[in-house]
$ cat entry.txt   # compact mmCIF, C-alpha atoms and all ligand atoms
# COMPACT_ATOMS: atom_id res chain seq x y z
CA MET T 1 -8.29 6.30 0.13
CA ALA T 2 -12.03 7.02 0.39
CA ALA T 3 -13.29 9.04 -2.58
CA PRO T 4 -14.08 12.64 -1.60
CA LYS T 5 -17.77 13.55 -1.37
CA LYS T 6 -19.58 15.39 -4.13
CA ASP T 7 -19.67 18.70 -2.22
CA THR T 8 -15.92 18.53 -1.73
CA LEU T 9 -15.30 17.83 -5.40
CA LEU T 10 -17.56 20.69 -6.46
CA ASP T 11 -15.69 22.96 -4.09
CA TRP T 12 -12.39 21.98 -5.73
CA TYR T 13 -13.96 22.75 -9.08
CA ARG T 14 -15.05 26.15 -7.75
CA GLN T 15 -11.53 26.88 -6.52
CA MET T 16 -9.95 25.95 -9.85
CA VAL T 17 -12.41 28.12 -11.77
CA LEU T 18 -11.93 30.95 -9.28
CA ILE T 19 -8.15 30.89 -9.78
CA ARG T 20 -8.53 30.79 -13.58
CA ARG T 21 -11.01 33.66 -13.81
CA PHE T 22 -9.22 35.72 -11.16
CA GLU T 23 -5.98 35.53 -13.14
CA GLU T 24 -7.61 36.21 -16.50
CA LYS T 25 -8.97 39.37 -14.92
CA CYS T 26 -5.54 40.21 -13.49
CA ALA T 27 -4.02 39.92 -16.98
CA GLU T 28 -6.62 42.40 -18.24
CA LEU T 29 -5.97 44.82 -15.39
CA TYR T 30 -2.23 44.53 -16.00
CA GLN T 31 -2.69 45.48 -19.67
CA GLN T 32 -4.68 48.50 -18.50
CA GLY T 33 -1.80 49.53 -16.25
CA LYS T 34 -3.81 48.99 -13.08
CA ILE T 35 -1.51 46.25 -11.80
CA GLY T 36 2.19 47.08 -11.74
CA GLY T 37 5.41 45.14 -11.22
CA PHE T 38 5.63 41.49 -12.16
CA LEU T 39 2.65 39.23 -12.68
CA HIS T 40 3.18 35.47 -12.94
CA LEU T 41 0.04 33.56 -13.84
CA TYR T 42 -0.76 30.08 -12.55
CA ILE T 43 -3.12 29.29 -15.46
CA GLY T 44 -2.69 25.59 -16.32
CA GLN T 45 -1.37 24.68 -12.88
CA GLU T 46 -4.65 24.96 -10.94
CA ALA T 47 -5.04 21.22 -10.37
CA THR T 48 -1.71 21.15 -8.57
CA GLY T 49 -2.53 24.11 -6.33
CA VAL T 50 -6.00 22.92 -5.40
CA GLY T 51 -4.87 19.30 -5.04
CA VAL T 52 -2.10 20.33 -2.65
CA VAL T 53 -4.09 22.76 -0.54
CA SER T 54 -7.01 20.33 -0.19
CA ALA T 55 -4.60 17.74 1.20
CA LEU T 56 -3.37 20.00 4.03
CA ARG T 57 -4.66 19.41 7.53
CA ASP T 58 -5.76 22.60 9.37
CA HIS T 59 -2.55 22.84 11.34
CA ASP T 60 -0.17 22.21 8.41
CA HIS T 61 1.84 24.96 6.75
CA ILE T 62 2.31 25.94 3.13
CA ILE T 63 4.86 28.17 1.45
CA THR T 64 5.56 28.89 -2.21
CA ALA T 65 7.38 31.15 -4.66
CA TYR T 66 6.08 34.12 -6.64
CA ARG T 67 3.50 32.17 -8.71
CA ASP T 68 1.29 32.31 -5.66
CA HIS T 69 -2.23 33.55 -6.49
CA GLY T 70 -3.61 30.03 -6.82
CA ILE T 71 -2.37 28.96 -3.41
CA ALA T 72 -3.71 32.15 -1.79
CA LEU T 73 -7.19 31.66 -3.25
CA ALA T 74 -7.28 27.91 -2.59
CA LYS T 75 -6.29 28.63 1.03
CA GLY T 76 -9.42 30.76 1.24
CA MET T 77 -7.91 34.23 1.26
CA GLU T 78 -10.64 36.71 0.34
CA PRO T 79 -10.64 37.36 -3.43
CA ARG T 80 -11.53 41.06 -2.95
CA ARG T 81 -8.60 41.64 -0.59
CA VAL T 82 -6.23 39.66 -2.81
CA MET T 83 -7.38 41.74 -5.78
CA ALA T 84 -6.83 44.93 -3.76
CA GLU T 85 -3.30 43.71 -3.01
CA MET T 86 -2.69 43.18 -6.74
CA LEU T 87 -3.69 46.79 -7.32
CA GLY T 88 -1.45 48.00 -4.50
CA LYS T 89 -4.37 49.26 -2.44
CA ARG T 90 -4.53 49.94 1.26
CA THR T 91 -7.24 47.28 1.73
CA GLY T 92 -4.99 44.58 0.25
CA THR T 93 -3.87 41.54 2.20
CA SER T 94 -0.54 43.23 2.95
CA GLY T 95 -1.84 46.79 2.82
CA GLY T 96 -0.79 47.00 -0.81
CA LYS T 97 2.90 46.68 0.04
CA GLY T 98 3.45 43.13 -1.14
CA GLY T 99 1.67 42.84 -4.46
CA SER T 100 1.32 39.80 -6.66
CA MET T 101 4.46 37.96 -5.51
CA HIS T 102 3.99 38.39 -1.78
CA LEU T 103 0.55 37.15 -0.84
CA ALA T 104 0.50 35.62 2.64
CA ASP T 105 -1.84 34.86 5.52
CA ARG T 106 -0.32 34.05 8.87
CA GLU T 107 -3.59 32.74 10.38
CA LYS T 108 -4.06 30.34 7.50
CA ARG T 109 -0.43 29.24 7.86
CA PHE T 110 0.30 30.35 4.34
CA TRP T 111 3.78 31.82 4.61
CA GLY T 112 3.97 33.48 1.16
CA GLY T 113 4.67 34.32 -1.74
CA HIS T 114 8.52 34.79 -2.30
CA GLY T 115 10.31 36.47 -5.20
CA ILE T 116 13.81 35.06 -4.82
CA VAL T 117 14.03 31.69 -6.54
CA GLY T 118 14.48 29.07 -3.82
CA GLY T 119 14.73 31.74 -1.11
CA HIS T 120 11.74 30.32 0.74
CA LEU T 121 13.12 26.79 1.03
CA PRO T 122 15.27 27.49 4.11
CA LEU T 123 12.20 29.15 5.68
CA ALA T 124 10.23 25.95 5.08
CA ALA T 125 12.97 23.98 6.83
CA GLY T 126 12.88 26.47 9.71
CA ILE T 127 9.12 26.17 10.18
CA ALA T 128 9.45 22.40 10.16
CA LEU T 129 12.32 22.56 12.65
CA LYS T 130 10.07 24.50 15.02
CA ALA T 131 7.39 21.82 14.71
CA ARG T 132 9.87 19.00 15.31
CA TYR T 133 11.55 20.81 18.23
CA LEU T 134 8.22 21.47 19.96
CA GLU T 135 6.94 18.00 19.07
CA GLN T 136 3.96 19.43 17.20
CA ASP T 137 2.17 17.33 14.62
CA GLU T 138 2.58 19.85 11.83
CA VAL T 139 3.83 19.34 8.30
CA VAL T 140 5.19 21.99 5.95
CA VAL T 141 4.43 21.70 2.26
CA ALA T 142 7.03 23.66 0.31
CA LEU T 143 6.21 24.24 -3.33
CA MET T 144 8.95 25.22 -5.75
CA GLY T 145 9.44 25.42 -9.48
CA ASP T 146 11.69 23.07 -11.44
CA GLY T 147 14.14 25.97 -11.86
CA ALA T 148 14.52 26.28 -8.10
CA THR T 149 16.08 22.83 -7.85
CA ASN T 150 19.37 24.15 -9.23
CA ILE T 151 20.03 26.78 -6.60
CA GLY T 152 22.03 26.35 -3.41
CA TYR T 153 19.05 26.94 -1.14
CA PHE T 154 17.55 23.71 -2.48
CA HIS T 155 20.61 21.66 -1.56
CA GLU T 156 21.04 23.20 1.90
CA SER T 157 17.38 22.92 2.80
CA LEU T 158 16.79 19.39 1.58
CA ASN T 159 20.00 18.16 3.11
CA LEU T 160 19.28 19.65 6.54
CA SER T 161 15.69 18.40 6.45
CA ALA T 162 16.97 14.86 5.96
CA VAL T 163 19.67 15.18 8.63
CA TRP T 164 17.10 16.42 11.15
CA ASP T 165 14.14 14.30 9.91
CA LEU T 166 12.04 17.40 9.44
CA PRO T 167 8.34 17.05 8.57
CA VAL T 168 8.45 18.63 5.10
CA VAL T 169 6.90 17.67 1.81
CA TRP T 170 9.17 19.23 -0.81
CA LEU T 171 7.02 19.49 -3.88
CA ILE T 172 8.49 20.45 -7.25
CA GLU T 173 5.91 21.97 -9.55
CA ASN T 174 7.57 20.95 -12.78
CA ASN T 175 5.95 23.09 -15.47
CA GLY T 176 8.67 22.32 -17.98
CA TYR T 177 10.48 25.66 -17.86
CA GLY T 178 12.37 28.04 -15.61
CA MET T 179 11.65 31.32 -17.43
CA GLY T 180 12.70 30.36 -20.99
CA THR T 181 14.91 27.40 -20.07
CA ALA T 182 13.55 23.90 -20.53
CA VAL T 183 14.21 21.44 -17.69
CA GLU T 184 16.34 19.22 -19.97
CA ARG T 185 18.63 22.14 -20.78
CA ALA T 186 19.20 23.01 -17.14
CA SER T 187 19.27 19.71 -15.27
CA GLY T 188 21.67 16.79 -15.82
CA GLN T 189 18.99 14.57 -14.29
CA PRO T 190 15.68 15.85 -15.64
CA GLU T 191 13.72 13.40 -13.51
CA LEU T 192 13.97 15.87 -10.70
CA VAL T 193 12.37 13.65 -8.09
CA LYS T 194 15.40 11.34 -8.27
CA ARG T 195 17.40 13.91 -6.36
CA ALA T 196 15.76 12.54 -3.24
CA ILE T 197 18.25 9.67 -3.39
CA ALA T 198 21.16 12.06 -2.89
CA TYR T 199 19.66 13.30 0.36
CA GLY T 200 18.50 9.98 1.71
CA MET T 201 14.86 10.97 1.81
CA ARG T 202 11.76 9.36 0.42
CA GLU T 203 11.50 9.72 -3.34
CA GLY T 204 8.25 10.47 -5.02
CA PRO T 205 5.81 10.01 -6.33
CA ARG T 206 5.93 11.85 -9.62
CA VAL T 207 2.32 12.71 -10.03
CA ASP T 208 0.17 13.92 -12.94
CA GLY T 209 -0.14 17.58 -11.96
CA MET T 210 -3.06 18.17 -14.31
CA ASP T 211 -5.24 15.78 -12.31
CA VAL T 212 -6.54 17.33 -9.10
CA LEU T 213 -7.58 13.98 -7.63
CA ALA T 214 -4.19 12.40 -8.26
CA VAL T 215 -2.41 15.39 -6.69
CA HIS T 216 -4.72 15.39 -3.68
CA GLU T 217 -4.19 11.72 -3.02
CA ALA T 218 -0.41 11.77 -3.48
CA VAL T 219 0.05 14.85 -1.28
CA SER T 220 -2.27 13.50 1.45
CA GLU T 221 -0.17 10.37 1.58
CA ALA T 222 3.09 12.35 1.56
CA ILE T 223 1.88 14.52 4.45
CA ALA T 224 1.01 11.43 6.50
CA TYR T 225 4.46 10.01 5.78
CA ALA T 226 6.31 13.27 6.55
CA ALA T 227 4.49 13.68 9.87
CA LYS T 228 5.76 10.28 11.00
CA HIS T 229 9.08 9.75 9.28
CA GLY T 230 10.52 13.00 7.90
CA PRO T 231 10.99 14.62 4.52
CA VAL T 232 9.68 13.56 1.14
CA LEU T 233 10.62 14.93 -2.26
CA MET T 234 7.84 14.68 -4.80
CA GLU T 235 7.07 16.17 -8.17
CA SER T 236 3.94 17.36 -9.90
CA LEU T 237 4.15 17.32 -13.71
CA THR T 238 2.25 20.35 -14.88
CA TYR T 239 2.36 23.10 -17.50
CA ARG T 240 1.80 26.82 -17.61
CA PHE T 241 -0.38 27.94 -20.46
CA GLU T 242 0.72 31.59 -20.30
CA GLY T 243 4.17 33.16 -20.45
CA HIS T 244 6.60 33.15 -17.53
CA SER T 245 5.32 36.60 -16.60
CA MET T 246 3.41 39.24 -18.53
CA GLY T 247 5.11 40.27 -21.78
CA ASP T 248 7.03 37.02 -22.33
CA PRO T 249 7.42 36.53 -26.13
CA GLN T 250 7.68 32.75 -25.53
CA ARG T 251 10.27 32.04 -28.22
CA TYR T 252 11.40 28.96 -26.32
CA ARG T 253 8.31 26.89 -27.14
CA SER T 254 6.00 26.35 -30.08
CA LYS T 255 2.32 27.22 -30.29
CA ASP T 256 1.69 23.55 -31.10
CA GLU T 257 3.23 22.49 -27.80
CA VAL T 258 0.99 24.87 -25.85
CA ALA T 259 -2.06 23.71 -27.82
CA ARG T 260 -1.23 20.06 -27.07
CA TYR T 261 -1.17 20.73 -23.34
CA ALA T 262 -4.29 22.88 -23.55
CA GLU T 263 -6.16 19.77 -24.68
CA GLY T 264 -5.46 18.36 -21.24
CA ASP T 265 -6.64 21.53 -19.47
CA PRO T 266 -7.01 20.55 -15.81
CA ILE T 267 -10.37 22.32 -15.45
CA GLY T 268 -11.80 20.72 -18.59
CA ARG T 269 -10.53 17.34 -17.48
CA PHE T 270 -12.08 17.67 -14.05
CA ARG T 271 -15.35 18.83 -15.57
CA THR T 272 -15.42 15.72 -17.77
CA TYR T 273 -14.66 13.57 -14.73
CA LEU T 274 -17.48 15.14 -12.70
CA ASP T 275 -19.87 14.81 -15.62
CA GLY T 276 -19.11 11.09 -15.80
CA LYS T 277 -19.45 10.60 -12.07
CA PHE T 278 -22.57 12.58 -11.15
CA LYS T 279 -25.87 12.64 -12.98
CA ASN T 280 -26.88 15.97 -14.45
CA VAL T 281 -24.03 17.89 -12.79
CA LEU T 282 -23.26 20.28 -15.68
CA PRO T 283 -25.91 22.87 -14.72
CA GLU T 284 -24.42 22.89 -11.22
CA LEU T 285 -20.96 23.51 -12.65
CA ASP T 286 -22.31 26.32 -14.81
CA GLU T 287 -23.90 27.86 -11.74
CA ILE T 288 -20.53 27.70 -9.97
CA GLU T 289 -19.02 29.48 -12.97
CA ARG T 290 -21.63 32.25 -12.68
CA GLN T 291 -21.03 32.65 -8.96
CA VAL T 292 -17.29 32.89 -9.55
CA GLN T 293 -17.80 35.58 -12.20
CA ALA T 294 -19.88 37.56 -9.70
CA THR T 295 -17.18 37.15 -7.02
CA ILE T 296 -14.53 38.45 -9.42
CA ALA T 297 -16.65 41.41 -10.51
CA GLU T 298 -17.25 42.32 -6.89
CA ALA T 299 -13.53 41.89 -6.07
CA VAL T 300 -12.49 44.22 -8.89
CA GLU T 301 -15.03 46.83 -7.86
CA PHE T 302 -13.84 46.66 -4.26
CA ALA T 303 -10.18 46.91 -5.29
CA GLU T 304 -10.69 49.77 -7.74
CA ASN T 305 -12.70 51.78 -5.22
CA SER T 306 -10.25 51.19 -2.39
CA PRO T 307 -7.92 53.95 -1.22
CA GLU T 308 -4.23 54.14 -2.11
CA PRO T 309 -1.75 53.69 0.75
CA THR T 310 -0.84 56.91 2.57
CA TYR T 311 2.53 58.42 3.41
CA GLU T 312 2.21 56.94 6.93
CA ASP T 313 1.73 53.52 5.35
CA LEU T 314 4.89 54.04 3.35
CA VAL T 315 7.01 54.50 6.45
CA SER T 316 5.24 51.97 8.70
CA PHE T 317 6.60 48.43 9.25
CA VAL T 318 9.99 49.49 7.93
CA TYR T 319 13.01 48.14 9.75
CA ALA T 320 15.91 50.56 9.93
C1 LIG N 1 17.93 33.95 -7.00
C2 LIG N 1 17.15 34.35 -8.22
N1 LIG N 1 17.75 34.19 -9.44
C3 LIG N 1 17.07 34.53 -10.55
C4 LIG N 1 15.79 35.04 -10.46
C5 LIG N 1 15.03 35.40 -11.74
N2 LIG N 1 14.01 34.40 -11.97
C6 LIG N 1 12.73 34.66 -11.63
S1 LIG N 1 11.77 33.36 -11.95
C7 LIG N 1 13.02 32.43 -12.55
C8 LIG N 1 12.77 31.04 -13.06
C9 LIG N 1 12.30 30.06 -12.03
O1 LIG N 1 11.68 28.95 -12.64
P1 LIG N 1 10.91 27.86 -11.83
O2 LIG N 1 11.57 27.65 -10.52
O3 LIG N 1 10.80 26.67 -12.71
O4 LIG N 1 9.48 28.47 -11.53
P2 LIG N 1 8.29 28.83 -12.52
O5 LIG N 1 8.48 30.25 -12.94
O6 LIG N 1 8.33 27.89 -13.66
O7 LIG N 1 7.04 28.69 -11.70
C10 LIG N 1 14.19 33.14 -12.50
C11 LIG N 1 15.49 32.62 -12.97
C12 LIG N 1 15.23 35.21 -9.18
N3 LIG N 1 14.00 35.68 -9.00
N4 LIG N 1 15.92 34.82 -8.07
MG MG N 2 9.20 26.04 -13.92
$ encode --input "entry.txt" --output "structure tokens"
Amino acid sequence: MAAPKKDTLLDWYRQMVLIRRFEEKCAELYQQGKIGGFLHLYIGQEATGVGVVSALRDHDHIITAYRDHGIALAKGMEPRRVMAEMLGKRTGTSGGKGGSMHLADREKRFWGGHGIVGGHLPLAAGIALKARYLEQDEVVVALMGDGATNIGYFHESLNLSAVWDLPVVWLIENNGYGMGTAVERASGQPELVKRAIAYGMREGPRVDGMDVLAVHEAVSEAIAYAAKHGPVLMESLTYRFEGHSMGDPQRYRSKDEVARYAEGDPIGRFRTYLDGKFKNVLPELDEIERQVQATIAEAVEFAENSPEPTYEDLVSFVYA
């Protein structure tokens, strides 16, 4: 595969930094009581999100679970409107009704943001069935956590996708844990990608999820395969640096383990890669960092100064 151009690589860097800083700010706003409900941070997993989204063609679809801020921002949803959604404001991407776990953008073919573990997998199959039925060259990338592979939705969706040769890339973001349960404690076969064999679909690869280039390349290839031949099950080996959600005491892992993974921070790694590849690029990366900080500051200001939803908002779009 041809190496992406410098501008493209710097844009991936920008996206990864944007996700990181956006979420650090969200954690702060959560502590201040300005964000309510659940908040699941993607910190540590940015290379997977940006690698996947950058591999999508314009007409492809993407869907994920509740750890969705990274995908929303990488898909180009406006940071200020995403921040307003986090704060439950009227100017948010779903008018403040969805919040952290339900970011979505129909025009960008980003179908959410879903709180029920595995609940979005049948939807992914359905979107792919539409594409196959109408003979459209569209692929669905369905992200899920390692924990989601043990729920019935996973079995039903993967099985049907193989039976009907649906154009889906099933991508397990294996961050080592489903809440406080390590993969090895929950799965008889901890090499999750091997489950592809049971469904008769293409297995793999199992990619280094902390390496944005590796993820981009593997997913691009998987999309090309799925468009032609049907489903693929692949896995991205990643790690979340923060708790499952805010307030997780993290008794299931040691500080040493987190520190070990932090040494392989996907943003730091990519920065080192860019520094080795392009002459005198560090000032450019620092400038990107400054621009991102300004974007976040502006997003917070916009969100905080936005109006709360009204009573009419409360009763609109309700099915009874
Ligand atoms: C059907 C269902 N059961 C249980 C839960 C509670 N729950 C929320 S997240 C989670 C763990 C999922 O872990 P994983 O799929 O690995 O995703 P990660 O949080 O690591 O991104 C559980 C059990 C839920 N939301 N939905
Ligand atoms: Mg997990």
$ residues_near_ligand --input "entry.txt" --ligand "ligand MG 2 (chain N)" --cutoff "12 Å" --atoms "only C-alpha atoms and all ligand atoms" --output "PyMOL selection string"
chain T and resi 40-42+45+65-67+117-118+143-150+172-184+186-187+192+235-245
$ write_last_selection --input "entry.txt" --atoms "C-alpha atoms" --output "PDB file, in the coordinates of the input"
ATOM      1  CA  HIS T  40       3.180  35.470 -12.940  1.00  0.00           C
ATOM      2  CA  LEU T  41       0.040  33.560 -13.840  1.00  0.00           C
ATOM      3  CA  TYR T  42      -0.760  30.080 -12.550  1.00  0.00           C
ATOM      4  CA  GLN T  45      -1.370  24.680 -12.880  1.00  0.00           C
ATOM      5  CA  ALA T  65       7.380  31.150  -4.660  1.00  0.00           C
ATOM      6  CA  TYR T  66       6.080  34.120  -6.640  1.00  0.00           C
ATOM      7  CA  ARG T  67       3.500  32.170  -8.710  1.00  0.00           C
ATOM      8  CA  VAL T 117      14.030  31.690  -6.540  1.00  0.00           C
ATOM      9  CA  GLY T 118      14.480  29.070  -3.820  1.00  0.00           C
ATOM     10  CA  LEU T 143       6.210  24.240  -3.330  1.00  0.00           C
ATOM     11  CA  MET T 144       8.950  25.220  -5.750  1.00  0.00           C
ATOM     12  CA  GLY T 145       9.440  25.420  -9.480  1.00  0.00           C
ATOM     13  CA  ASP T 146      11.690  23.070 -11.440  1.00  0.00           C
ATOM     14  CA  GLY T 147      14.140  25.970 -11.860  1.00  0.00           C
ATOM     15  CA  ALA T 148      14.520  26.280  -8.100  1.00  0.00           C
ATOM     16  CA  THR T 149      16.080  22.830  -7.850  1.00  0.00           C
ATOM     17  CA  ASN T 150      19.370  24.150  -9.230  1.00  0.00           C
ATOM     18  CA  ILE T 172       8.490  20.450  -7.250  1.00  0.00           C
ATOM     19  CA  GLU T 173       5.910  21.970  -9.550  1.00  0.00           C
ATOM     20  CA  ASN T 174       7.570  20.950 -12.780  1.00  0.00           C
ATOM     21  CA  ASN T 175       5.950  23.090 -15.470  1.00  0.00           C
ATOM     22  CA  GLY T 176       8.670  22.320 -17.980  1.00  0.00           C
ATOM     23  CA  TYR T 177      10.480  25.660 -17.860  1.00  0.00           C
ATOM     24  CA  GLY T 178      12.370  28.040 -15.610  1.00  0.00           C
ATOM     25  CA  MET T 179      11.650  31.320 -17.430  1.00  0.00           C
ATOM     26  CA  GLY T 180      12.700  30.360 -20.990  1.00  0.00           C
ATOM     27  CA  THR T 181      14.910  27.400 -20.070  1.00  0.00           C
ATOM     28  CA  ALA T 182      13.550  23.900 -20.530  1.00  0.00           C
ATOM     29  CA  VAL T 183      14.210  21.440 -17.690  1.00  0.00           C
ATOM     30  CA  GLU T 184      16.340  19.220 -19.970  1.00  0.00           C
ATOM     31  CA  ALA T 186      19.200  23.010 -17.140  1.00  0.00           C
ATOM     32  CA  SER T 187      19.270  19.710 -15.270  1.00  0.00           C
ATOM     33  CA  LEU T 192      13.970  15.870 -10.700  1.00  0.00           C
ATOM     34  CA  GLU T 235       7.070  16.170  -8.170  1.00  0.00           C
ATOM     35  CA  SER T 236       3.940  17.360  -9.900  1.00  0.00           C
ATOM     36  CA  LEU T 237       4.150  17.320 -13.710  1.00  0.00           C
ATOM     37  CA  THR T 238       2.250  20.350 -14.880  1.00  0.00           C
ATOM     38  CA  TYR T 239       2.360  23.100 -17.500  1.00  0.00           C
ATOM     39  CA  ARG T 240       1.800  26.820 -17.610  1.00  0.00           C
ATOM     40  CA  PHE T 241      -0.380  27.940 -20.460  1.00  0.00           C
ATOM     41  CA  GLU T 242       0.720  31.590 -20.300  1.00  0.00           C
ATOM     42  CA  GLY T 243       4.170  33.160 -20.450  1.00  0.00           C
ATOM     43  CA  HIS T 244       6.600  33.150 -17.530  1.00  0.00           C
ATOM     44  CA  SER T 245       5.320  36.600 -16.600  1.00  0.00           C
TER      45      SER T 245
END
$ residues_around --input "entry.txt" --residues "segment 4-11 of chain T" --least-positions-apart "6" --cutoff "9 Å" --atoms "all atoms listed in the file" --output "ChimeraX atom specification"
/T:213,274,278,284-285,288
$ closest_residue --input "entry.txt" --among "T:Ala303, T:Ala198, T:Ile43, T:Ala262" --to "ligand LIG 1 (chain N)" --atoms "all atoms listed in the file"
T:Ile43
$ closest_residue --input "entry.txt" --among "T:Glu203, T:Val232, T:Gln31, T:Pro249" --to "Ser161 of chain T" --atoms "all atoms listed in the file"
T:Val232
$ residues_around --input "entry.txt" --residues "Phe110 of chain T" --least-positions-apart "3" --cutoff "8 Å" --atoms "all atoms listed in the file" --output "ChimeraX atom specification"
/T:61-63,72,75,104-107
$ axis_aligned_box --input "entry.txt" --around "ligand LIG 1 (chain N)" --padding-each-side "5 Å" --output "JSON"
{"center_x": 12.5, "center_y": 31.2, "center_z": -10.3, "size_x": 20.9, "size_y": 19.0, "size_z": 16.7}
$ residues_around --input "entry.txt" --residues "Lys34 of chain T" --least-positions-apart "6" --cutoff "9 Å" --atoms "only C-alpha atoms" --output "ChimeraX atom specification"
/T:26,28,86-88,304
$ atom_distance --input "entry.txt" --atom1 "atom CA of Glu156 of chain T" --atom2 "atom CA of Pro122 of chain T"
7.5 Å
$ closest_residue --input "entry.txt" --among "T:Arg251, T:His216, T:His69, T:Arg271" --to "Met1 of chain T" --atoms "all atoms listed in the file"
T:His216
$ atom_distance --input "entry.txt" --atom1 "atom CA of Pro309 of chain T" --atom2 "atom CA of Thr93 of chain T"
12.4 Å
$ build_atoms --input "entry.txt" --residues "segment 1-18 of chain T" --atoms "N, CA and C atoms" --output "compact mmCIF listing (two decimals), in the frame of the given file"
# COMPACT_ATOMS: atom_id res chain seq x y z
N MET T 1 -7.74 5.08 -0.48
CA MET T 1 -8.29 6.30 0.13
C MET T 1 -9.76 6.47 -0.27
N ALA T 2 -10.59 6.84 0.69
CA ALA T 2 -12.03 7.02 0.39
C ALA T 2 -12.18 8.17 -0.61
N ALA T 3 -13.08 7.99 -1.58
CA ALA T 3 -13.29 9.04 -2.58
C ALA T 3 -13.93 10.25 -1.90
N PRO T 4 -13.47 11.44 -2.20
CA PRO T 4 -14.08 12.64 -1.60
C PRO T 4 -15.55 12.75 -2.00
N LYS T 5 -16.32 13.39 -1.13
CA LYS T 5 -17.77 13.55 -1.37
C LYS T 5 -18.03 14.57 -2.49
N LYS T 6 -19.24 14.52 -3.00
CA LYS T 6 -19.58 15.39 -4.13
C LYS T 6 -19.36 16.88 -3.79
N ASP T 7 -19.82 17.29 -2.60
CA ASP T 7 -19.67 18.70 -2.22
C ASP T 7 -18.20 19.13 -2.24
N THR T 8 -17.36 18.24 -1.76
CA THR T 8 -15.92 18.53 -1.73
C THR T 8 -15.40 18.68 -3.15
N LEU T 9 -15.78 17.77 -4.01
CA LEU T 9 -15.30 17.83 -5.40
C LEU T 9 -15.79 19.09 -6.10
N LEU T 10 -17.04 19.46 -5.83
CA LEU T 10 -17.56 20.69 -6.46
C LEU T 10 -16.83 21.91 -5.91
N ASP T 11 -16.43 21.83 -4.65
CA ASP T 11 -15.69 22.96 -4.09
C ASP T 11 -14.29 23.05 -4.74
N TRP T 12 -13.68 21.93 -5.02
CA TRP T 12 -12.39 21.98 -5.73
C TRP T 12 -12.57 22.58 -7.11
N TYR T 13 -13.66 22.20 -7.75
CA TYR T 13 -13.96 22.75 -9.08
C TYR T 13 -14.10 24.27 -8.98
N ARG T 14 -14.86 24.71 -7.96
CA ARG T 14 -15.05 26.15 -7.75
C ARG T 14 -13.70 26.85 -7.57
N GLN T 15 -12.84 26.25 -6.76
CA GLN T 15 -11.53 26.88 -6.52
C GLN T 15 -10.71 26.99 -7.81
N MET T 16 -10.72 25.93 -8.60
CA MET T 16 -9.95 25.95 -9.85
C MET T 16 -10.48 27.02 -10.80
N VAL T 17 -11.80 27.11 -10.89
CA VAL T 17 -12.41 28.12 -11.77
C VAL T 17 -12.13 29.53 -11.21
N LEU T 18 -12.20 29.65 -9.90
CA LEU T 18 -11.93 30.95 -9.28
C LEU T 18 -10.50 31.42 -9.61
